[in-house]
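Colleague: The structure is given below, and queries will be raised subsequently.
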Number of protein chains: 2
Amino acid sequence: MAVHVLAVLAYREGDRVTSAALAGSINTNPVIVRRLLLALQQARLVDTCKGPGAGSRLARTPGRINMADIYRAVEAAEPFATPSQKPNQACPVGHGIRVALDRIFASAEAAMERDLARTTLAQVLVAVRTGKTRRTTGS
Amino acid sequence: MAVHVLAVLAYREGDRVTSAALAGSINTNPVIVRRLLLALQQARLVDTCKGPGAGSRLARTPGRINMADIYRAVEAAEPFATPSQKPNQACPVGHGIRVALDRIFASAEAAMERDLARTTLAQVLVAVRTGKTRRTTGS
DNA sequence: CGATTATGTAATCGTTATAGTTACATTAAG
DNA sequence: CTTAATGTAACTATAACGATTACATAATCG
């Protein structure tokens with residue numbers, strides 16, 4: 001959903017857009033959009049002003065924002081479910097499994113982010129217009 | 001958590017283990033374990049028998065089961081949140097964004113699975129025992 | 001200054017996913 | 001037939017997320 005917000009901002013390149021207008025495009029509530037914008041502000045992806053005639057706009061050109069930037073800005077929690085309860089420490093497997101899995105999952109997430117980084121917001125905008133996804137040619 | 005189950009099974013290589021015993025190691029309920037085992041059975045990762053003295057064991061050696069196998073067996077839904085409501089189709093961005101994002105996310109997930117596939121259950125077992133994670137040397 | 005416009009933020013509700021729990025049917029071994 | 005195990009359904013609890021309402025705050029413009 002964060003991508004949608006940024007895509008609309010990219011569409012109106014340069015213009016400031018209000019949270020109400022963004023919410024209209026996503027079919028949601030302005031408050032939801034504002035909460036998203038807070039995260040995007042902290043990540044220095046958007047630039048928001050208050051007051052009449054104000055709103056948000058991209059902090060950089062769409063070509064310099066990639067999907068990994070957005071993912072990191074928005075996705076606070078890990079994509080892997082962390083069990084609420086600790087495993088049985090008495091069991092030889094339960095004892096060390098957490099650390100081992102954390103490493104593996106961190107690596108997997110890093111791989112995913114590397115892939116996401118290959119697509120910029122500008123490319124998403126082109127894909128939205130044409131219906132086809134274009135990627136940077138592999139390294 | 002599914003990894004934990006399989007790691008314990010790998011630890012007792014060959015032996016059949018009951019869901020109650022597995023639940024003891026994970027500090028959870030036997031029913032939870034059985035629900036996991038159902039998914040692992042469908043993925044042909046474990047072999048389960050009923051009756052007294054029965055239980056589950058690995059269907060292949062730990063060296064021939066990797067993290068991507070387990071991930072695919074267990075993770076039914078996508079890791080990316082799919083908005084409940086459709087975007088506003090009247091908006092030029094809302095119109096085509098779904099398709100574009102689906103492709104990007106599918107690619108990212110594939111990248112993650114490729115990374116997960118680099119670690120076998122046997123390697124996890126070694127890591128659990130030694131406290132260090134070893135991976136296959138990059139391609 | 002003061003009215004208007006927009007963001008920031010808290011409180012609350014509904015939905016969904018997952019873990020957990022209890023209960024019971026089913027199957028296989030002895 | 002008894003017993004030990006899985007298969008499965010029903011229900012509860014919890015957490016995450018979207019949605020909604022409400023209100024404080026800041027900035028522009030008359």
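Ordered as shown in the structure tokens, chains take letters A, B, and onward, while each chain numbers its residues from 1 and ligands are numbered from 1 in the order shown.
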Return as a PyMOL selection string the full set of residues in range 16-50 of chain A whose backbone-based DSSP assignment is helix (DSSP H, G or I).

Modeller: chain A and resi 19-26+30-42

Colleague: Report as a list in words all protein, DNA and RNA residues lying within 6 Å of Gly51 in chain B, evaluated on only C-alpha atoms (C1' of nucleotides), omitting residues in the same chain fewer than 6 positions from it.

Modeller: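 Counting only C-alpha atoms (C1' of nucleotides), the residues come to DA28 of chain C; DA4 and DA5 of chain D.
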
Colleague: Give me, as a tab-separated table (two decimals) with N, CA and C atoms (P, O5', C5', C4', C3', O3' and C1' of nucleotides), in the first residue's frame, the contact residues of chain D against chain A at a cut-off of 10 Å, counting only C-alpha atoms (C1' of nucleotides).

Modeller:
```tsv
chain	number	residue	atom	x	y	z
D	18	DG	P	-2.33	-2.12	7.08
D	18	DG	O5'	-3.88	-1.79	6.84
D	18	DG	C5'	-4.72	-2.81	6.35
D	18	DG	C4'	-6.17	-2.48	6.60
D	18	DG	C3'	-6.56	-1.06	6.18
D	18	DG	O3'	-7.78	-1.13	5.44
D	18	DG	C1'	-7.13	-1.43	8.45
D	19	DA	P	-8.36	0.21	4.81
D	19	DA	O5'	-9.33	0.71	5.96
D	19	DA	C5'	-10.43	-0.12	6.34
D	19	DA	C4'	-11.22	0.54	7.45
D	19	DA	C3'	-11.59	2.01	7.20
D	19	DA	O3'	-13.00	2.12	7.13
D	19	DA	C1'	-10.78	1.64	9.42
D	20	DT	P	-13.64	3.46	6.68
D	20	DT	O5'	-13.97	4.20	8.05
D	20	DT	C5'	-14.65	3.49	9.08
D	20	DT	C4'	-14.66	4.27	10.38
D	20	DT	C3'	-14.91	5.78	10.21
D	20	DT	O3'	-16.16	6.09	10.79
D	20	DT	C1'	-13.18	5.30	11.80
D	25	DT	P	-2.36	21.39	21.41
D	25	DT	O5'	-1.77	21.44	19.95
D	25	DT	C5'	-0.95	20.37	19.48
D	25	DT	C4'	-0.42	20.71	18.11
D	25	DT	C3'	0.08	22.15	17.95
D	25	DT	O3'	1.32	22.13	17.27
D	25	DT	C1'	-1.46	21.64	16.25
D	26	DA	P	2.31	23.42	17.41
D	26	DA	O5'	2.58	23.78	15.88
D	26	DA	C5'	2.90	22.72	14.98
D	26	DA	C4'	2.50	23.12	13.58
D	26	DA	C3'	2.93	24.54	13.17
D	26	DA	O3'	3.52	24.47	11.90
D	26	DA	C1'	0.64	24.23	12.74
D	27	DA	P	4.56	25.64	11.45
D	27	DA	O5'	3.88	26.21	10.13
D	27	DA	C5'	3.50	25.29	9.11
D	27	DA	C4'	2.46	25.92	8.21
D	27	DA	C3'	2.79	27.36	7.79
D	27	DA	O3'	2.51	27.49	6.42
D	27	DA	C1'	0.63	27.26	8.70
D	28	DT	P	3.38	28.53	5.53
D	28	DT	O5'	2.25	29.25	4.64
D	28	DT	C5'	1.34	28.42	3.91
D	28	DT	C4'	-0.03	29.05	3.89
D	28	DT	C3'	-0.08	30.48	3.33
D	28	DT	O3'	-0.81	30.44	2.12
D	28	DT	C1'	-1.49	30.20	5.24
D	29	DC	P	-0.72	31.69	1.10
D	29	DC	O5'	-2.06	32.47	1.40
D	29	DC	C5'	-3.28	31.72	1.52
D	29	DC	C4'	-4.40	32.63	2.00
D	29	DC	C3'	-4.28	34.07	1.51
D	29	DC	O3'	-5.56	34.55	1.14
D	29	DC	C1'	-4.43	34.02	3.86
```

Colleague: May I have the residues within 12 Å of DA11 in chain C as an mmCIF file with N, CA and C atoms (P, O5', C5', C4', C3', O3' and C1' of nucleotides), in the first residue's frame, using only C-alpha atoms (C1' of nucleotides) and disregarding those fewer than 4 positions away in the same chain?

Modeller:
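Written output follows (around_5.cif):
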```cif
data_model
loop_
_atom_site.group_PDB
_atom_site.id
_atom_site.type_symbol
_atom_site.label_atom_id
_atom_site.label_comp_id
_atom_site.auth_asym_id
_atom_site.auth_seq_id
_atom_site.Cartn_x
_atom_site.Cartn_y
_atom_site.Cartn_z
ATOM 1 P P DT D 20 -13.637 3.464 6.681
ATOM 2 O "O5'" DT D 20 -13.966 4.201 8.054
ATOM 3 C "C5'" DT D 20 -14.653 3.493 9.081
ATOM 4 C "C4'" DT D 20 -14.663 4.269 10.375
ATOM 5 C "C3'" DT D 20 -14.905 5.779 10.214
ATOM 6 O "O3'" DT D 20 -16.161 6.091 10.792
ATOM 7 C "C1'" DT D 20 -13.181 5.305 11.796
ATOM 8 P P DT D 21 -16.743 7.585 10.640
ATOM 9 O "O5'" DT D 21 -16.390 8.245 12.045
ATOM 10 C "C5'" DT D 21 -16.615 7.507 13.237
ATOM 11 C "C4'" DT D 21 -16.007 8.223 14.425
ATOM 12 C "C3'" DT D 21 -16.206 9.744 14.444
ATOM 13 O "O3'" DT D 21 -16.832 10.123 15.661
ATOM 14 C "C1'" DT D 21 -13.941 9.169 14.884
ATOM 15 P P DA D 22 -17.245 11.645 15.924
ATOM 16 O "O5'" DA D 22 -16.012 12.209 16.753
ATOM 17 C "C5'" DA D 22 -15.462 11.433 17.800
ATOM 18 C "C4'" DA D 22 -14.216 12.118 18.335
ATOM 19 C "C3'" DA D 22 -14.279 13.645 18.318
ATOM 20 O "O3'" DA D 22 -14.062 14.146 19.630
ATOM 21 C "C1'" DA D 22 -12.238 12.857 17.393
ATOM 22 P P DC D 23 -14.329 15.717 19.905
ATOM 23 O "O5'" DC D 23 -12.858 16.317 20.039
ATOM 24 C "C5'" DC D 23 -11.921 15.642 20.863
ATOM 25 C "C4'" DC D 23 -10.506 16.049 20.508
ATOM 26 C "C3'" DC D 23 -10.283 17.563 20.401
ATOM 27 O "O3'" DC D 23 -9.179 17.922 21.205
ATOM 28 C "C1'" DC D 23 -9.305 16.450 18.598
#
```

Colleague: Distance limit 9 Å, atoms considered: only C-alpha atoms. Which chain B residues sit that close to chain A? Return them as a ChimeraX atom specification.

Modeller: /B:1,3-4,7-8,11,24-28,67,79-83,85-101,103-105,107-116,119,124-125,127-133

Colleague: What do you get for the Cα RMSD if chain B is superposed onto chain A using all Cα atoms in their order?

Modeller: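 That comparison of chain A with chain B gives 0.1 Å.
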
Colleague: Go through chain B and collect every residue that DSSP, computed from the backbone, puts in strand (DSSP E or B); the answer should be as a VMD selection string.

Modeller: chain B and resid 17 46 to 49 55 to 58 66 120

Colleague: I need the residues from that last selection saved to file as a PDB file, in the first residue's frame (with C-alpha atoms), if you can.

Modeller:
```
ATOM      1  CA  VAL B  17       8.913 -39.590  17.055  1.00  0.00           C
ATOM      2  CA  VAL B  46       7.937 -36.445   6.545  1.00  0.00           C
ATOM      3  CA  ASP B  47       6.475 -39.907   6.792  1.00  0.00           C
ATOM      4  CA  THR B  48       3.870 -40.429   9.499  1.00  0.00           C
ATOM      5  CA  CYS B  49       2.263 -43.618  10.793  1.00  0.00           C
ATOM      6  CA  GLY B  55       4.984 -41.310  14.951  1.00  0.00           C
ATOM      7  CA  SER B  56       6.838 -39.337  12.289  1.00  0.00           C
ATOM      8  CA  ARG B  57      10.248 -39.423  10.686  1.00  0.00           C
ATOM      9  CA  LEU B  58      11.966 -37.666   7.812  1.00  0.00           C
ATOM     10  CA  ASN B  66      16.464 -27.430   2.346  1.00  0.00           C
ATOM     11  CA  THR B 120      19.927 -27.769   4.086  1.00  0.00           C
TER      12      THR B 120
END
```

Colleague: Could you state the separation of CA of Ala21 in chain B and C1' of DG7 in chain D in Å, given to one decimal place?

Modeller: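 Computing it gives 17.3 Å between the two atoms.
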
Colleague: Would you mind listing, as an NGL selection string, all residues of chain C that have at least one atom within 7 Å of chain A, where only C-alpha atoms (C1' of nucleotides) are what counts?

Modeller: :C and (5-7)

Colleague: Of the candidates C:DT12, C:DT4, C:DT18, C:DT26, which one gets nearest to DT14 in chain D if we count only C-alpha atoms (C1' of nucleotides)?

Modeller: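 Under the stated criterion, the closest residue is C:DT18.
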
Colleague: To one decimal in Å, tell me the separation between CA of Arg64 in chain A and CA of Leu36 in chain A.

Modeller: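 Spanning CA of Arg64 in chain A to CA of Leu36 in chain A is a straight-line distance of 19.5 Å.
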
Colleague: What does the distance from CA of Arg44 in chain A to CA of Leu6 in chain A come to in Å, to one decimal?

Modeller: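 The value is 12.3 Å.
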
Colleague: For DA23 in chain C, find every residue with an atom within 12 Å (counting only C-alpha atoms (C1' of nucleotides)), except residues of its own chain fewer than 4 positions away, and show them as a PyMOL selection string.

Modeller: (chain B and resi 31) or (chain D and resi 8-11)
